[in-house]
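Shown here: entry.cif, mmCIF, C-alpha atoms.
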```cif
data_coords
loop_
_atom_site.label_atom_id
_atom_site.label_comp_id
_atom_site.auth_asym_id
_atom_site.auth_seq_id
_atom_site.Cartn_x
_atom_site.Cartn_y
_atom_site.Cartn_z
CA ILE A 1 -20.01 9.96 4.93
CA ASP A 2 -16.84 11.27 6.51
CA THR A 3 -16.93 11.69 10.27
CA ALA A 4 -14.60 11.46 13.25
CA ALA A 5 -14.77 10.98 17.00
CA ILE A 6 -13.45 14.52 17.56
CA TYR A 7 -16.18 16.05 15.35
CA GLY A 8 -18.79 15.00 17.92
CA ASN A 9 -21.25 13.99 15.20
CA GLU A 10 -21.09 10.19 15.14
CA GLU A 11 -24.44 9.82 16.92
CA ASP A 12 -26.11 12.20 14.45
CA VAL A 13 -24.56 10.36 11.51
CA GLY A 14 -25.73 7.04 12.97
CA ALA A 15 -29.26 8.36 13.32
CA ALA A 16 -29.24 9.74 9.77
CA VAL A 17 -27.98 6.44 8.34
CA ALA A 18 -30.66 4.52 10.24
CA GLU A 19 -33.41 6.92 9.13
CA SER A 20 -32.26 7.05 5.50
CA GLY A 21 -33.81 3.71 4.59
CA LEU A 22 -30.84 3.02 2.34
CA PRO A 23 -29.30 -0.45 2.33
CA ARG A 24 -26.10 -0.54 4.41
CA GLN A 25 -24.06 -1.59 1.38
CA ASP A 26 -25.03 1.68 -0.34
CA ILE A 27 -23.51 3.83 2.40
CA PHE A 28 -19.76 4.24 2.97
CA VAL A 29 -19.01 5.43 6.51
CA VAL A 30 -15.60 6.70 7.56
CA THR A 31 -14.57 7.68 11.07
CA LYS A 32 -11.26 8.33 12.79
CA VAL A 33 -9.52 7.55 16.06
CA TRP A 34 -8.61 10.82 17.80
CA ASN A 35 -5.17 11.62 19.20
CA GLY A 36 -6.13 11.14 22.87
CA ASP A 37 -7.42 7.63 22.10
CA GLN A 38 -4.35 6.43 20.21
CA GLY A 39 -2.35 3.45 21.41
CA TYR A 40 -3.27 -0.23 21.11
CA ASP A 41 -5.91 -0.86 23.79
CA THR A 42 -7.35 2.64 23.70
CA THR A 43 -7.79 2.48 19.92
CA LEU A 44 -9.67 -0.80 20.22
CA LYS A 45 -11.98 0.83 22.79
CA ALA A 46 -12.34 3.98 20.68
CA CYS A 47 -13.48 1.94 17.68
CA GLU A 48 -16.02 0.12 19.84
CA ALA A 49 -17.34 3.46 21.10
CA SER A 50 -17.57 4.87 17.56
CA LEU A 51 -19.45 1.81 16.31
CA LYS A 52 -21.88 2.12 19.21
CA LYS A 53 -22.50 5.83 18.51
CA LEU A 54 -22.90 5.15 14.79
CA LYS A 55 -25.16 2.14 15.49
CA LEU A 56 -23.16 0.12 12.97
CA ASP A 57 -21.74 -3.40 13.00
CA PHE A 58 -18.68 -2.35 11.00
CA LEU A 59 -16.93 0.69 9.54
CA ASP A 60 -16.16 0.95 5.86
CA LEU A 61 -12.98 2.86 6.61
CA TYR A 62 -11.30 3.61 9.94
CA LEU A 63 -8.49 6.15 9.98
CA VAL A 64 -5.73 7.23 12.34
CA HIS A 65 -6.68 10.92 12.54
CA TRP A 66 -3.15 12.34 13.06
CA PRO A 67 0.33 10.79 13.20
CA VAL A 68 0.86 11.09 16.97
CA SER A 69 4.51 10.67 17.89
CA GLY A 70 5.28 7.52 19.86
CA LEU A 71 1.84 6.02 19.27
CA ARG A 72 1.66 5.53 15.50
CA GLN A 73 2.83 1.90 15.38
CA GLU A 74 0.65 0.73 18.29
CA THR A 75 -2.38 2.53 16.90
CA TRP A 76 -1.81 1.00 13.48
CA ARG A 77 -1.41 -2.45 15.02
CA ALA A 78 -4.85 -1.97 16.64
CA LEU A 79 -6.39 -0.97 13.31
CA VAL A 80 -4.93 -4.10 11.70
CA LYS A 81 -6.53 -6.17 14.47
CA LEU A 82 -9.88 -4.44 13.98
CA ALA A 83 -9.74 -5.20 10.25
CA GLU A 84 -8.90 -8.84 10.96
CA GLN A 85 -11.95 -9.00 13.26
CA GLY A 86 -14.19 -7.61 10.50
CA LEU A 87 -15.03 -4.46 12.44
CA CYS A 88 -13.39 -2.33 9.75
CA ARG A 89 -13.61 -3.25 6.08
CA SER A 90 -10.58 -1.09 5.38
CA ILE A 91 -8.11 0.94 7.43
CA GLY A 92 -6.01 3.97 6.69
CA VAL A 93 -4.46 7.16 7.94
CA SER A 94 -5.05 10.88 7.83
CA ASN A 95 -2.56 13.75 7.73
CA PHE A 96 0.40 11.38 7.27
CA THR A 97 3.42 12.67 5.36
CA VAL A 98 5.93 10.56 3.42
CA ARG A 99 8.09 10.25 6.54
CA HIS A 100 5.16 8.97 8.61
CA LEU A 101 4.13 6.51 5.92
CA ASP A 102 7.70 5.22 5.52
CA GLU A 103 7.84 4.60 9.26
CA LEU A 104 4.49 2.82 9.22
CA LEU A 105 5.35 0.61 6.24
CA THR A 106 8.70 -0.32 7.79
CA GLY A 107 6.93 -1.60 10.89
CA SER A 108 3.94 -3.33 9.27
CA PRO A 109 3.25 -5.37 6.14
CA VAL A 110 -0.27 -3.90 5.99
CA VAL A 111 -0.49 -0.90 3.66
CA PRO A 112 -3.06 1.78 4.51
CA ALA A 113 -6.00 1.77 2.11
CA ALA A 114 -6.16 5.57 2.21
CA ASN A 115 -4.43 8.72 3.37
CA GLN A 116 -6.83 11.60 3.96
CA ILE A 117 -4.93 14.87 3.55
CA GLU A 118 -5.65 18.50 2.85
CA PHE A 119 -5.33 18.95 -0.91
CA SER A 120 -6.58 21.71 -3.21
CA PRO A 121 -5.40 23.81 -6.16
CA PHE A 122 -3.81 26.03 -3.50
CA LEU A 123 -2.18 23.17 -1.59
CA ASN A 124 -1.03 20.77 -4.29
CA ARG A 125 0.85 18.02 -2.48
CA ALA A 126 2.00 16.28 -5.63
CA ALA A 127 4.99 14.44 -4.13
CA LEU A 128 2.90 12.97 -1.32
CA LYS A 129 0.17 12.02 -3.79
CA GLU A 130 2.69 10.25 -6.05
CA TYR A 131 4.20 8.42 -3.08
CA CYS A 132 0.78 7.18 -1.96
CA GLN A 133 -0.40 6.20 -5.41
CA SER A 134 2.82 4.29 -6.13
CA ARG A 135 2.05 2.15 -3.06
CA GLY A 136 -1.65 1.65 -3.77
CA ILE A 137 -2.78 4.15 -1.11
CA VAL A 138 -5.86 6.10 -2.17
CA VAL A 139 -5.54 9.83 -1.52
CA GLU A 140 -8.61 11.51 -0.09
CA ALA A 141 -8.66 15.29 -0.41
CA TYR A 142 -10.23 17.16 2.48
CA SER A 143 -10.72 20.92 2.24
CA PRO A 144 -10.64 20.77 -1.59
CA LEU A 145 -12.28 24.21 -1.48
CA ALA A 146 -9.38 25.64 0.55
CA ARG A 147 -11.82 26.23 3.41
CA SER A 148 -13.75 28.58 1.08
CA ARG A 149 -11.01 31.19 1.52
CA LYS A 150 -9.90 31.16 -2.12
CA LEU A 151 -13.22 30.96 -3.98
CA ASP A 152 -12.74 34.55 -5.16
CA ASP A 153 -9.24 33.86 -6.54
CA PRO A 154 -9.15 35.43 -10.05
CA ARG A 155 -7.74 32.26 -11.64
CA LEU A 156 -10.50 30.10 -10.20
CA VAL A 157 -13.17 32.66 -11.09
CA GLY A 158 -11.81 32.95 -14.63
CA VAL A 159 -11.99 29.21 -15.25
CA ALA A 160 -15.46 29.07 -13.65
CA ASN A 161 -16.74 31.85 -15.93
CA LYS A 162 -15.23 30.22 -19.01
CA TYR A 163 -17.04 26.92 -18.36
CA GLY A 164 -20.26 28.22 -16.78
CA LYS A 165 -19.49 26.67 -13.40
CA THR A 166 -18.93 28.01 -9.91
CA PRO A 167 -15.43 28.42 -8.44
CA ALA A 168 -16.22 25.60 -5.98
CA GLN A 169 -17.13 23.28 -8.85
CA VAL A 170 -13.86 24.10 -10.60
CA ALA A 171 -11.84 23.31 -7.46
CA ILE A 172 -13.65 20.01 -6.96
CA ARG A 173 -13.27 19.03 -10.60
CA TRP A 174 -9.55 19.90 -10.43
CA ALA A 175 -9.13 17.48 -7.52
CA LEU A 176 -11.11 14.75 -9.28
CA GLN A 177 -8.96 15.14 -12.38
CA HIS A 178 -5.91 14.59 -10.15
CA ASP A 179 -7.31 11.13 -9.25
CA LEU A 180 -8.29 12.08 -5.71
CA VAL A 181 -11.30 11.04 -3.66
CA VAL A 182 -12.81 14.43 -2.92
CA ILE A 183 -14.72 15.18 0.28
CA PRO A 184 -15.94 18.78 0.29
CA LYS A 185 -17.64 19.88 3.49
CA SER A 186 -21.02 21.58 3.50
CA VAL A 187 -24.12 21.66 5.66
CA ARG A 188 -26.24 23.52 3.09
CA LYS A 189 -28.33 21.41 0.72
CA GLU A 190 -27.90 23.78 -2.22
CA ARG A 191 -24.11 23.69 -1.85
CA ILE A 192 -24.09 19.89 -1.63
CA VAL A 193 -26.12 19.72 -4.84
CA GLU A 194 -23.82 22.29 -6.48
CA ASN A 195 -20.69 20.41 -5.36
CA ALA A 196 -22.00 17.22 -6.96
CA ALA A 197 -22.79 18.88 -10.29
CA VAL A 198 -19.22 19.09 -11.55
CA PHE A 199 -19.67 17.05 -14.74
#
```
Please go through the file and, once you have read it, give me the structure as structure tokens.
Amino acid sequence: IDTAAIYGNEEDVGAAVAESGLPRQDIFVVTKVWNGDQGYDTTLKACEASLKKLKLDFLDLYLVHWPVSGLRQETWRALVKLAEQGLCRSIGVSNFTVRHLDELLTGSPVVPAANQIEFSPFLNRAALKEYCQSRGIVVEAYSPLARSRKLDDPRLVGVANKYGKTPAQVAIRWALQHDLVVIPKSVRKERIVENAAVF
């Protein structure tokens, strides 16, 4: 489950996880520290607040939401501390470019577990993906459906028709075949089921 402090849905996610009846080890929860909370002490407090809202003892993945100038190193240092304390099983970044990652890796021996970036057939960030993968950083693709703005693209529709799938399924499968963790967004049950049926 991908969430973030800025989305304003951590309490709802926490309630859903609690009500699901699923064992905690079967649920992978991601949240992110927002720009206004970045910095060392404020990031530590932001993580504590997120855990409280989520009603969780630990996060599976905690991300720096954006590479805020002047705060990246201190924010990352806080995430490293949170991981050492066991409050985050893994830590990573979001929306970081090669330049941001180079800066981070120069200042810290701890490599981000993931970089969550916008990635789709219409925004193929191959160089950034190769950079991350060469350093063991998992690339998570958000907006793999190009915010639903390209689902009527003739190329996507043509491939979908050829294989008896929907354009959304083709876009998701494309991202999976590029070795990405794919996180399509939907609030509609039928779309969630459709998005999962890509094989």
Item to check | Given the PyMOL selection byres ((chain A and resi 69-83) around 12), the residues it picks as a VMD selection string | outcome: chain A and resid 32 to 48 51 57 to 68 84 to 94 96 99 to 113
Next on the checklist: Which residues would end up in the selection if the PyMOL selection byres ((chain A and resi 166) around 10) were applied here, given that I need the answer as a list in words?
Outcome noted: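 Expected selection for the PyMOL selection byres ((chain A and resi 166) around 10) here is Leu151, Leu156, Val157, Gly158, Val159, Ala160, Asn161, Tyr163, Gly164, Lys165, Pro167, Ala168, Gln169, Val170, Ala171, Glu194, Asn195, Ala197 and Val198 of chain A.
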Checklist entry - Which value, in Å to one decimal, gives the distance between atom CA of A:Thr31 and atom CA of A:Ala127? => result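 One can read the atom CA of A:Thr31 to atom CA of A:Ala127 distance as 25.7 Å.
The shell of residues at most 12 Å from A:Ala15, with all atoms listed in the file counted and near chain neighbours (fewer than 5 positions) removed, consists of A:Asn9, A:Glu10, A:Ser20, A:Gly21, A:Lys52, A:Lys53, A:Leu54, A:Lys55, A:Leu56.
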Next on the checklist: On this structure, the PyMOL selection byres ((chain A and resi 135-145) around 8) would catch which residues? List them as JSON, numbers by chain, sorted by chain and number.
Outcome noted: {"A": [111, 112, 113, 114, 115, 116, 117, 118, 119, 120, 121, 129, 131, 132, 133, 134, 146, 147, 148, 149, 150, 151, 168, 171, 172, 175, 180, 181, 182, 183, 184, 185]}
Next on the checklist: What does the structure give for the distance between atom CA of A:Ile6 and atom CA of A:Asn95, in Å to one decimal?
Outcome noted: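 Separation between atom CA of A:Ile6 and atom CA of A:Asn95: 14.7 Å.
The shortest atom-to-atom distance to A:Ala126, with all atoms listed in the file taken into account, belongs to A:Asp179 out of A:Asp179, A:Glu11, A:Ala4, A:Val29.
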Next on the checklist: Calculated over only C-alpha atoms, which of the candidates A:Asp12, A:Asp26, A:Asp152, A:Glu19 has the smallest distance to A:Ser50?
Outcome noted: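 Checking each of A:Asp12, A:Asp26, A:Asp152, A:Glu19 against A:Ser50, counting only C-alpha atoms, the winner is A:Asp12.
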Checklist entry - Quick one: distance from atom CA of A:Phe199 to atom CA of A:Ile1 in Å, one decimal? => result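 Atom CA of A:Phe199 sits 20.9 Å away from atom CA of A:Ile1.
Among A:Ala49, A:Ser186, A:Asn124, A:Ile192, the residue with the shortest atom-to-atom distance to A:Trp174, counting all atoms listed in the file, is A:Asn124.
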May I have the centre and edge lengths, in Å to one decimal, of an axis-aligned box around the listed atoms of stretch 90-104 of chain A with 8 Å added to every side, as lines of an AutoDock Vina configuration file?
```
center_x = -1.2
center_y = 6.3
center_z = 6.3
size_x = 34.7
size_y = 30.8
size_z = 21.8
```
